[in-house]
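Just coords_9.txt here, compact mmCIF, C-alpha atoms:
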# COMPACT_ATOMS: atom_id res chain seq x y z
CA MET A 6 32.80 28.33 8.23
CA LEU A 7 30.95 25.02 7.97
CA ASN A 8 29.85 24.38 4.41
CA PHE A 9 26.80 22.13 4.52
CA ILE A 10 23.58 21.98 2.52
CA LEU A 11 20.55 21.05 4.62
CA SER A 12 18.06 18.61 3.17
CA GLY A 13 15.62 16.08 4.57
CA PHE A 14 12.89 13.50 4.20
CA ALA A 15 9.97 15.92 4.23
CA ASP A 16 7.48 13.04 4.05
CA GLU A 17 8.09 12.80 7.80
CA ALA A 18 6.47 16.24 8.09
CA SER A 19 3.55 15.60 5.74
CA ASN A 20 2.29 12.93 3.38
CA ASP A 21 1.31 15.41 0.67
CA LEU A 22 3.69 17.49 -1.40
CA ASP A 23 2.18 20.84 -0.43
CA GLY A 24 2.67 20.03 3.23
CA GLN A 25 6.25 18.94 2.57
CA ILE A 26 7.06 22.16 0.75
CA ALA A 27 5.51 24.15 3.59
CA ALA A 28 7.63 22.29 6.15
CA LEU A 29 10.82 22.91 4.16
CA LYS A 30 10.10 26.61 3.76
CA ARG A 31 9.06 27.00 7.40
CA ASN A 32 12.46 25.66 8.39
CA GLY A 33 14.48 27.63 5.84
CA MET A 34 15.37 24.62 3.70
CA SER A 35 15.48 24.67 -0.10
CA TYR A 36 16.46 21.01 -0.68
CA PHE A 37 14.72 17.75 0.15
CA GLU A 38 15.18 14.03 -0.35
CA PRO A 39 11.93 12.75 -1.88
CA ARG A 40 10.68 9.37 -0.68
CA GLY A 41 6.91 9.33 -0.16
CA ILE A 42 4.90 11.93 -2.08
CA ASP A 43 1.10 12.03 -2.03
CA GLY A 44 0.98 8.39 -0.99
CA LYS A 45 3.42 7.15 -3.63
CA ASN A 46 7.07 6.14 -3.22
CA ILE A 47 9.50 8.05 -5.42
CA SER A 48 10.81 4.70 -6.71
CA ASP A 49 7.38 4.14 -8.29
CA PHE A 50 7.25 7.48 -10.13
CA THR A 51 7.12 7.49 -13.91
CA VAL A 52 9.18 9.95 -15.92
CA GLU A 53 6.03 11.91 -16.73
CA GLU A 54 5.13 12.13 -13.04
CA ALA A 55 8.67 13.29 -12.33
CA LYS A 56 8.29 16.08 -14.90
CA ALA A 57 5.11 17.28 -13.20
CA LEU A 58 6.85 17.13 -9.82
CA LYS A 59 9.84 19.08 -11.16
CA GLU A 60 7.57 21.80 -12.50
CA LYS A 61 5.96 22.27 -9.10
CA LEU A 62 9.27 22.19 -7.26
CA ASP A 63 10.75 24.78 -9.62
CA ALA A 64 7.80 27.07 -8.95
CA GLU A 65 8.54 26.81 -5.22
CA SER A 66 12.36 27.07 -5.61
CA ILE A 67 12.84 23.62 -4.06
CA LYS A 68 15.63 21.31 -5.28
CA VAL A 69 16.27 17.58 -4.89
CA SER A 70 19.45 16.57 -3.09
CA SER A 71 19.07 12.82 -3.64
CA ILE A 72 16.44 10.26 -4.55
CA GLY A 73 15.37 8.52 -1.33
CA SER A 74 14.91 5.22 -3.11
CA CYS A 75 14.27 1.71 -1.80
CA TYR A 76 16.77 -0.05 -4.10
CA GLY A 77 18.70 -2.81 -2.46
CA LYS A 78 15.86 -3.31 0.03
CA ILE A 79 14.92 -6.76 -1.18
CA GLU A 80 16.15 -10.10 0.16
CA ILE A 81 19.48 -11.17 -1.32
CA ASP A 82 17.85 -14.32 -2.76
CA ASP A 83 14.96 -12.41 -4.39
CA ASP A 84 14.96 -12.02 -8.18
CA PHE A 85 17.25 -9.10 -9.04
CA GLU A 86 16.31 -8.49 -12.68
CA PRO A 87 12.89 -6.82 -12.15
CA HIS A 88 14.44 -4.79 -9.33
CA PHE A 89 17.17 -3.56 -11.67
CA GLU A 90 14.70 -2.76 -14.47
CA LYS A 91 12.74 -0.60 -12.04
CA PHE A 92 15.99 1.02 -10.92
CA LYS A 93 16.73 2.06 -14.50
CA ASN A 94 13.48 4.01 -14.57
CA THR A 95 14.35 5.76 -11.30
CA VAL A 96 17.67 6.85 -12.78
CA GLU A 97 15.63 8.62 -15.48
CA VAL A 98 13.45 10.15 -12.75
CA ALA A 99 16.61 11.40 -11.00
CA LYS A 100 17.78 13.02 -14.22
CA VAL A 101 14.45 14.81 -14.64
CA LEU A 102 14.63 16.06 -11.05
CA GLU A 103 18.29 17.08 -11.53
CA ALA A 104 19.32 14.90 -8.59
CA LYS A 105 22.99 13.95 -8.53
CA TYR A 106 22.51 11.02 -6.17
CA ILE A 107 20.33 7.99 -5.49
CA ARG A 108 20.50 6.45 -2.02
CA MET A 109 20.56 2.68 -2.04
CA PHE A 110 21.15 -0.37 0.16
CA CYS A 111 22.92 -3.72 -0.18
CA PHE A 112 20.15 -6.27 0.34
CA PHE A 113 18.38 -7.83 3.28
CA PHE A 114 19.53 -11.00 5.04
CA THR A 115 16.55 -11.30 7.35
CA LYS A 116 15.81 -14.96 6.61
CA GLY A 117 19.13 -16.19 7.97
CA GLN A 118 20.92 -16.38 4.63
CA SER A 119 24.69 -16.77 4.81
CA MET A 120 26.47 -13.46 4.21
CA ALA A 121 29.63 -15.32 3.29
CA GLU A 122 27.78 -17.43 0.74
CA TYR A 123 26.09 -14.42 -0.88
CA LYS A 124 28.96 -11.94 -0.64
CA ASP A 125 29.84 -12.13 -4.34
CA GLU A 126 26.18 -11.68 -5.30
CA VAL A 127 25.91 -8.57 -3.13
CA LEU A 128 28.98 -7.08 -4.78
CA ARG A 129 27.74 -7.99 -8.25
CA ARG A 130 24.31 -6.45 -7.77
CA VAL A 131 25.49 -3.21 -6.20
CA LYS A 132 28.16 -2.72 -8.86
CA ILE A 133 25.64 -3.27 -11.66
CA MET A 134 23.42 -0.52 -10.27
CA ALA A 135 26.28 1.85 -9.41
CA ASP A 136 27.94 1.49 -12.83
CA TYR A 137 24.69 1.88 -14.74
CA SER A 138 23.68 4.98 -12.77
CA ALA A 139 27.11 6.61 -13.04
CA ALA A 140 27.05 6.16 -16.81
CA GLN A 141 23.90 8.31 -16.77
CA GLY A 142 25.53 11.01 -14.62
CA VAL A 143 23.78 10.01 -11.39
CA TYR A 144 25.74 8.43 -8.51
CA CYS A 145 24.56 5.79 -6.08
CA CYS A 146 25.17 6.38 -2.39
CA LEU A 147 25.19 3.30 -0.16
CA GLU A 148 23.47 3.65 3.21
CA ASN A 149 24.25 1.52 6.26
CA GLU A 150 21.17 -0.13 7.77
CA LYS A 151 20.42 -3.02 10.08
CA GLY A 152 19.50 -6.32 8.46
CA ILE A 153 21.47 -5.66 5.26
CA TYR A 154 24.92 -6.84 4.20
CA GLY A 155 26.42 -3.42 4.98
CA ASP A 156 25.00 -3.12 8.48
CA ILE A 157 28.52 -2.86 9.89
CA ALA A 158 31.28 -0.63 8.57
CA GLU A 159 33.66 -3.46 7.61
CA ARG A 160 31.17 -4.91 5.12
CA ASN A 161 30.04 -1.47 3.99
CA LEU A 162 33.66 -0.61 3.20
CA GLU A 163 34.05 -3.89 1.34
CA VAL A 164 31.19 -2.97 -1.00
CA LEU A 165 32.38 0.61 -1.44
CA ARG A 166 35.89 -0.49 -2.41
CA TYR A 167 34.64 -3.10 -4.85
CA CYS A 168 32.39 -0.61 -6.65
CA GLN A 169 34.86 2.20 -7.14
CA PRO A 170 34.88 4.71 -8.70
CA ASN A 171 31.11 4.79 -9.06
CA LEU A 172 29.78 4.38 -5.52
CA TYR A 173 29.67 6.82 -2.60
CA ALA A 174 28.58 6.39 1.01
CA ILE A 175 25.76 7.73 3.14
CA VAL A 176 26.36 7.44 6.88
CA ASP A 177 23.41 7.19 9.26
CA PRO A 178 24.74 7.28 12.85
CA ALA A 179 21.47 6.00 14.35
CA ASN A 180 21.50 2.93 12.12
CA TYR A 181 24.97 2.05 13.39
CA VAL A 182 23.80 2.54 16.98
CA GLN A 183 20.88 0.17 16.34
CA CYS A 184 23.40 -2.43 15.12
CA GLY A 185 25.51 -2.03 18.26
CA VAL A 186 28.30 -0.34 16.30
CA ASP A 187 30.30 2.72 17.41
CA PRO A 188 29.14 5.32 14.85
CA LEU A 189 32.32 7.38 15.07
CA ALA A 190 34.61 4.42 14.46
CA ALA A 191 32.33 3.32 11.63
CA TYR A 192 32.38 6.78 10.08
CA GLU A 193 36.18 6.85 10.12
CA MET A 194 36.31 3.58 8.22
CA VAL A 195 34.29 4.93 5.28
CA ALA A 196 35.07 8.66 5.65
CA GLY A 197 36.76 9.07 2.29
CA TYR A 198 33.67 7.86 0.44
CA VAL A 199 31.03 9.93 2.25
CA LYS A 200 29.02 12.46 0.25
CA TYR A 201 26.00 12.52 2.47
CA LEU A 202 24.97 12.23 6.12
CA HIS A 203 21.53 11.14 7.25
CA VAL A 204 20.94 13.04 10.46
CA LYS A 205 19.35 10.68 12.95
CA ASP A 206 20.24 9.66 16.49
CA ALA A 207 19.35 6.75 18.77
CA TYR A 208 20.03 5.07 22.09
CA PHE A 209 22.22 1.98 22.34
CA GLU A 210 20.07 0.69 25.19
CA ASN A 211 16.86 0.14 23.25
CA GLY A 212 17.35 1.48 19.71
CA GLU A 213 14.92 4.32 20.33
CA VAL A 214 15.35 7.19 17.84
CA VAL A 215 15.76 10.65 19.38
CA PRO A 216 16.59 14.16 18.06
CA ALA A 217 20.13 14.63 16.80
CA GLY A 218 22.60 15.15 19.61
CA LYS A 219 20.37 13.60 22.27
CA GLY A 220 21.39 9.96 21.82
CA ASP A 221 24.49 7.81 21.43
CA GLY A 222 25.11 8.53 17.74
CA LYS A 223 27.90 11.08 18.34
CA VAL A 224 26.14 13.11 15.66
CA ALA A 225 27.95 16.39 16.35
CA GLU A 226 31.38 14.75 16.11
CA VAL A 227 30.42 12.85 12.96
CA ILE A 228 29.25 16.13 11.38
CA LYS A 229 32.46 17.85 12.50
CA ARG A 230 34.55 15.18 10.80
CA PHE A 231 32.37 15.19 7.69
CA ALA A 232 33.14 18.92 7.38
CA ARG A 233 36.73 17.95 6.48
CA ASN A 234 35.59 16.39 3.20
CA SER A 235 35.87 18.49 0.08
CA GLY A 236 33.08 19.39 -2.31
CA GLU A 237 29.33 19.47 -1.87
CA LYS A 238 28.19 18.07 1.50
CA PHE A 239 24.56 17.31 2.33
CA LEU A 240 23.07 16.87 5.79
CA SER A 241 19.74 15.17 5.26
CA LEU A 242 17.32 14.93 8.17
CA GLU A 243 15.60 11.58 8.60
CA PRO A 244 13.92 12.22 11.97
CA HIS A 245 11.90 9.01 12.65
CA LEU A 246 10.43 10.75 15.70
CA THR A 247 6.76 10.05 14.94
CA VAL A 248 4.97 7.42 12.89
CA PHE A 249 4.48 8.60 9.31
CA GLU A 250 2.92 7.04 6.24
CA GLY A 251 5.32 4.54 4.70
CA LEU A 252 7.38 3.91 7.85
CA ASP A 253 6.08 0.35 8.10
CA ALA A 254 7.55 -0.39 4.65
CA LEU A 255 11.08 0.71 5.56
CA GLU A 256 12.02 -2.11 7.93
CA PRO A 257 11.09 -5.79 7.82
CA ASP A 258 10.83 -5.98 11.61
CA ASN A 259 9.08 -2.62 12.21
CA GLU A 260 11.46 -2.00 15.11
CA THR A 261 11.52 1.79 14.69
CA MET A 262 7.74 2.09 14.44
CA ASN A 263 7.26 -0.12 17.49
CA ASN A 264 9.77 1.94 19.47
CA ILE A 265 8.04 5.18 18.49
CA GLU A 266 4.65 3.87 19.58
CA LYS A 267 5.86 2.89 23.05
CA LYS A 268 8.53 5.51 23.75
CA LYS A 269 8.30 7.91 26.67
CA SER A 270 10.98 10.45 25.76
CA TYR A 271 10.76 13.08 23.05
CA VAL A 272 7.08 12.54 22.35
CA TYR A 273 5.42 14.82 19.79
CA SER A 274 1.76 15.45 19.13
CA ASN A 275 2.08 15.37 15.33
CA SER A 276 4.54 15.08 12.46
CA THR A 277 4.75 18.84 11.97
CA GLU A 278 5.98 19.29 15.52
CA SER A 279 8.45 16.40 15.32
CA PHE A 280 9.95 17.51 11.99
CA ASP A 281 10.46 21.05 13.26
CA ALA A 282 12.05 19.68 16.43
CA ALA A 283 14.44 17.57 14.35
CA VAL A 284 15.49 20.62 12.32
CA ALA A 285 15.96 22.67 15.49
CA ALA A 286 18.16 19.96 17.03
CA LEU A 287 20.38 19.87 13.93
CA LYS A 288 20.64 23.66 13.81
CA GLU A 289 21.61 23.65 17.49
CA ILE A 290 24.48 21.27 16.72
CA LEU A 291 25.62 23.36 13.75
CA ALA A 292 25.51 26.58 15.80
CA SER A 293 27.63 24.94 18.50
CA LEU A 294 30.14 23.69 15.92
CA GLU A 295 30.32 27.12 14.29
CA LYS A 296 30.92 28.71 17.68
CA GLY A 297 33.67 26.23 18.47
CA GLN A 298 35.28 26.81 15.10
CA SER A 299 35.23 30.58 15.62
CA ALA A 300 36.90 30.16 18.99
CA LEU A 301 39.83 28.45 17.28
CA VAL A 302 40.41 31.28 14.79
Starting from the file, give its structure as structure tokens.
Amino acid sequence: MLNFILSGFADEASNDLDGQIAALKRNGMSYFEPRGIDGKNISDFTVEEAKALKEKLDAESIKVSSIGSCYGKIEIDDDFEPHFEKFKNTVEVAKVLEAKYIRMFCFFFTKGQSMAEYKDEVLRRVKIMADYSAAQGVYCCLENEKGIYGDIAERNLEVLRYCQPNLYAIVDPANYVQCGVDPLAAYEMVAGYVKYLHVKDAYFENGEVVPAGKGDGKVAEVIKRFARNSGEKFLSLEPHLTVFEGLDALEPDNETMNNIEKKKSYVYSNSTESFDAAVAALKEILASLEKGQSALV
């Protein structure tokens, strides 16, 4: 039997917390990955705000799988110290929310900076955050994304190895597709470090994001291979199927938002419909994998 815990970025279903909780419950999910809540990014929450959030989540029997933070999403030559100070506060927020993980990135290179020149600085910064967080009982998970140092698996693996034992990996197949990388080959490179999958799919041809299993992300096979890992395993939906509040802040080039606005396939009338469709697509993959597994018994 596949042993996954379903989670997701419920801010893609609704901007407000009540709407997010409703979307989770409607789809039979008891975990989520907070990012935008009532118009505020989780990275900007104070400890007191986190306590109020935790009280409401407890009342609704909703848990936090990981903090969907924005750390590491600054240019590599931006000042790191204020970024790190803010990160320290989010570690405290994670502790209040009883989240074991914080998703993070390894810095933008969108101004043409030399990755070779800044390699040591990338490693230094990520290790500082990973070590600090781990000392507090919360573990950083590094996500692959276009425009950052770890946009390809070779560099992602480089960072992961340097920051052991305090850094895990999140694999997003669609992000690899958008970088022109084979997501299955990339997954295999970092497989031993993966604690978390972001469930998203896309086309190689134009980078358009589509429901899981409908694109070139080999999502079903990646999930199948992830099932081999031991311990707790989260599948976190990050649909990107409609424009939602905060999407424009996630990418410096707004490629995903632009693709959504002009796409002709998998068009949804609202975020409620698109989030439910994303959940249904994932559940379809899991049902197929379960069926295939049963056939082998």
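The shortest atom-to-atom distance to Gly222 (chain A), with all atoms listed in the file taken into account, belongs to A:Val176 out of A:Met109, A:Ala196, A:Val176, A:Leu246.
Relative to CA of Pro178 (chain A), CA of Gly297 (chain A) is found at 21.7 Å.
The nearest approach to Cys111 (chain A) among the residues A:Ala64, A:Ala15, A:Leu162, A:Leu287, with all atoms listed in the file taken into account, belongs to A:Leu162.
Near Cys168 (chain A), within 9 Å and counting only C-alpha atoms, sit Leu128, Arg129, Val131, Lys132, Ile133, Ala135, Asp136, Glu163, Val164, Leu172 and Tyr173 of chain A, not including residues fewer than 4 positions from it in the same chain.
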Output the selection as a tab-separated table (two decimals), in the frame of the given file - C-alpha atoms for each residue.
chain	number	residue	atom	x	y	z
A	128	LEU	CA	28.98	-7.08	-4.78
A	129	ARG	CA	27.74	-7.99	-8.25
A	131	VAL	CA	25.49	-3.21	-6.20
A	132	LYS	CA	28.16	-2.72	-8.86
A	133	ILE	CA	25.64	-3.27	-11.66
A	135	ALA	CA	26.28	1.85	-9.41
A	136	ASP	CA	27.94	1.49	-12.83
A	163	GLU	CA	34.05	-3.89	1.34
A	164	VAL	CA	31.19	-2.97	-1.00
A	172	LEU	CA	29.78	4.38	-5.52
A	173	TYR	CA	29.67	6.82	-2.60
In the coordinates of the file, take the point (26.5, -9.0, -1.9) and a cut-off of 9 Å; then, counting all atoms listed in the file, name each qualifying protein, DNA or RNA residue as an mmCIF file with C-alpha atoms, in the coordinates of the input.
data_model
loop_
_atom_site.group_PDB
_atom_site.id
_atom_site.type_symbol
_atom_site.label_atom_id
_atom_site.label_comp_id
_atom_site.auth_asym_id
_atom_site.auth_seq_id
_atom_site.Cartn_x
_atom_site.Cartn_y
_atom_site.Cartn_z
ATOM 1 C CA ILE A 81 19.480 -11.170 -1.320
ATOM 2 C CA CYS A 111 22.920 -3.720 -0.180
ATOM 3 C CA PHE A 112 20.150 -6.270 0.340
ATOM 4 C CA MET A 120 26.470 -13.460 4.210
ATOM 5 C CA ALA A 121 29.630 -15.320 3.290
ATOM 6 C CA GLU A 122 27.780 -17.430 0.740
ATOM 7 C CA TYR A 123 26.090 -14.420 -0.880
ATOM 8 C CA LYS A 124 28.960 -11.940 -0.640
ATOM 9 C CA ASP A 125 29.840 -12.130 -4.340
ATOM 10 C CA GLU A 126 26.180 -11.680 -5.300
ATOM 11 C CA VAL A 127 25.910 -8.570 -3.130
ATOM 12 C CA LEU A 128 28.980 -7.080 -4.780
ATOM 13 C CA ARG A 129 27.740 -7.990 -8.250
ATOM 14 C CA ARG A 130 24.310 -6.450 -7.770
ATOM 15 C CA VAL A 131 25.490 -3.210 -6.200
ATOM 16 C CA TYR A 154 24.920 -6.840 4.200
ATOM 17 C CA GLY A 155 26.420 -3.420 4.980
ATOM 18 C CA VAL A 164 31.190 -2.970 -1.000
#
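Rounded to one decimal, CA of Lys238 (chain A) and CA of Ile10 (chain A) lie 6.1 Å from each other.
Proximity of A:Ser35, A:Thr115, A:Asn46, A:Ser71 to Glu103 (chain A), computed with all atoms listed in the file, is greatest for A:Ser71.
Every protein or nucleic acid residue with an atom no more than 12 Å from region 274-278 of chain A, counting only C-alpha atoms and leaving out same-chain residues fewer than 6 positions away, appears here: Phe14, Ala15, Asp16, Glu17, Ala18, Ser19, Asn20, Gly24, Gln25, Ile26, Ala27, Ala28, Leu29, Arg31, Asn32, Pro244, His245, Leu246, Thr247, Val248, Phe249, Glu250, Glu266, Val284 and Ala285 of chain A.
In this structure, CA of Lys100 (chain A) sits 18.9 Å away from CA of Glu65 (chain A).
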Neighbour list for Glu38 (chain A) as a list in words, cut-off 6 Å, only C-alpha atoms, skip fewer than 6 positions in-chain: Gly13, Phe14, Val69, Ser70, Ser71, Ile72 and Gly73 of chain A
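With distances restricted to only C-alpha atoms, A:Asp177 is the closest residue to Arg108 (chain A) from A:Glu289, A:Asp177, A:Glu213, A:Asp82.
Distances here use all atoms listed in the file; by that measure, the residue among A:Gly218, A:Gly117, A:Gly33, A:Gly77 closest to Ser293 (chain A) is A:Gly218.
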For the point (12.3, 21.6, -11.1) in file coordinates, what residues are within 12 Å, counting only C-alpha atoms? Give the answer as a short mmCIF file (atom, residue, chain, number, x, y, z; two decimals) with C-alpha atoms, in the coordinates of the input?
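out-v2.cif, freshly written:
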data_model
loop_
_atom_site.label_atom_id
_atom_site.label_comp_id
_atom_site.auth_asym_id
_atom_site.auth_seq_id
_atom_site.Cartn_x
_atom_site.Cartn_y
_atom_site.Cartn_z
CA SER A 35 15.48 24.67 -0.10
CA TYR A 36 16.46 21.01 -0.68
CA ALA A 55 8.67 13.29 -12.33
CA LYS A 56 8.29 16.08 -14.90
CA ALA A 57 5.11 17.28 -13.20
CA LEU A 58 6.85 17.13 -9.82
CA LYS A 59 9.84 19.08 -11.16
CA GLU A 60 7.57 21.80 -12.50
CA LYS A 61 5.96 22.27 -9.10
CA LEU A 62 9.27 22.19 -7.26
CA ASP A 63 10.75 24.78 -9.62
CA ALA A 64 7.80 27.07 -8.95
CA GLU A 65 8.54 26.81 -5.22
CA SER A 66 12.36 27.07 -5.61
CA ILE A 67 12.84 23.62 -4.06
CA LYS A 68 15.63 21.31 -5.28
CA VAL A 69 16.27 17.58 -4.89
CA SER A 70 19.45 16.57 -3.09
CA VAL A 98 13.45 10.15 -12.75
CA ALA A 99 16.61 11.40 -11.00
CA LYS A 100 17.78 13.02 -14.22
CA VAL A 101 14.45 14.81 -14.64
CA LEU A 102 14.63 16.06 -11.05
CA GLU A 103 18.29 17.08 -11.53
CA ALA A 104 19.32 14.90 -8.59
#
Please rebuild region 155-181 of chain A with N, CA and C atoms and return the result as a short mmCIF file (atom, residue, chain, number, x, y, z; two decimals), keeping the file's coordinate frame.
data_model
loop_
_atom_site.label_atom_id
_atom_site.label_comp_id
_atom_site.auth_asym_id
_atom_site.auth_seq_id
_atom_site.Cartn_x
_atom_site.Cartn_y
_atom_site.Cartn_z
N GLY A 155 25.58 -4.52 4.51
CA GLY A 155 26.42 -3.42 4.98
C GLY A 155 25.97 -2.83 6.29
N ASP A 156 25.46 -3.65 7.20
CA ASP A 156 25.00 -3.12 8.48
C ASP A 156 26.15 -2.72 9.39
N ILE A 157 27.33 -3.26 9.15
CA ILE A 157 28.52 -2.86 9.89
C ILE A 157 29.52 -2.25 8.90
N ALA A 158 30.40 -1.41 9.44
CA ALA A 158 31.28 -0.63 8.57
C ALA A 158 32.24 -1.49 7.76
N GLU A 159 32.70 -2.61 8.33
CA GLU A 159 33.66 -3.46 7.61
C GLU A 159 33.07 -3.97 6.31
N ARG A 160 31.80 -4.42 6.35
CA ARG A 160 31.17 -4.91 5.12
C ARG A 160 30.76 -3.76 4.20
N ASN A 161 30.36 -2.64 4.80
CA ASN A 161 30.04 -1.47 3.99
C ASN A 161 31.27 -1.04 3.19
N LEU A 162 32.42 -1.00 3.85
CA LEU A 162 33.66 -0.61 3.20
C LEU A 162 34.03 -1.59 2.09
N GLU A 163 33.78 -2.85 2.33
CA GLU A 163 34.05 -3.89 1.34
C GLU A 163 33.29 -3.61 0.04
N VAL A 164 32.02 -3.27 0.17
CA VAL A 164 31.19 -2.97 -1.00
C VAL A 164 31.65 -1.69 -1.68
N LEU A 165 31.93 -0.67 -0.89
CA LEU A 165 32.38 0.61 -1.44
C LEU A 165 33.67 0.44 -2.25
N ARG A 166 34.61 -0.29 -1.71
CA ARG A 166 35.89 -0.49 -2.41
C ARG A 166 35.70 -1.27 -3.70
N TYR A 167 34.86 -2.27 -3.67
CA TYR A 167 34.64 -3.10 -4.85
C TYR A 167 34.01 -2.30 -6.00
N CYS A 168 33.18 -1.33 -5.64
CA CYS A 168 32.39 -0.61 -6.65
C CYS A 168 32.99 0.71 -7.08
N GLN A 169 34.23 0.95 -6.70
CA GLN A 169 34.86 2.20 -7.14
C GLN A 169 35.12 2.18 -8.64
N PRO A 170 35.02 3.37 -9.30
CA PRO A 170 34.88 4.71 -8.70
C PRO A 170 33.44 5.22 -8.68
N ASN A 171 32.48 4.35 -8.80
CA ASN A 171 31.11 4.79 -9.06
C ASN A 171 30.15 4.69 -7.88
N LEU A 172 30.66 4.50 -6.67
CA LEU A 172 29.78 4.38 -5.52
C LEU A 172 30.28 5.23 -4.37
N TYR A 173 29.36 6.01 -3.78
CA TYR A 173 29.67 6.82 -2.60
C TYR A 173 28.95 6.24 -1.39
N ALA A 174 29.19 6.86 -0.23
CA ALA A 174 28.58 6.39 1.01
C ALA A 174 27.66 7.44 1.62
N ILE A 175 26.58 6.95 2.23
CA ILE A 175 25.76 7.73 3.14
C ILE A 175 25.98 7.11 4.52
N VAL A 176 26.24 7.94 5.52
CA VAL A 176 26.36 7.44 6.88
C VAL A 176 25.15 7.89 7.69
N ASP A 177 24.51 6.93 8.33
CA ASP A 177 23.41 7.19 9.26
C ASP A 177 23.86 6.73 10.64
N PRO A 178 24.23 7.67 11.53
CA PRO A 178 24.74 7.28 12.85
C PRO A 178 23.75 6.43 13.65
N ALA A 179 22.46 6.75 13.57
CA ALA A 179 21.47 6.00 14.35
C ALA A 179 21.40 4.54 13.90
N ASN A 180 21.54 4.30 12.61
CA ASN A 180 21.50 2.93 12.12
C ASN A 180 22.67 2.11 12.67
N TYR A 181 23.84 2.75 12.78
CA TYR A 181 24.97 2.05 13.39
C TYR A 181 24.71 1.76 14.87
#
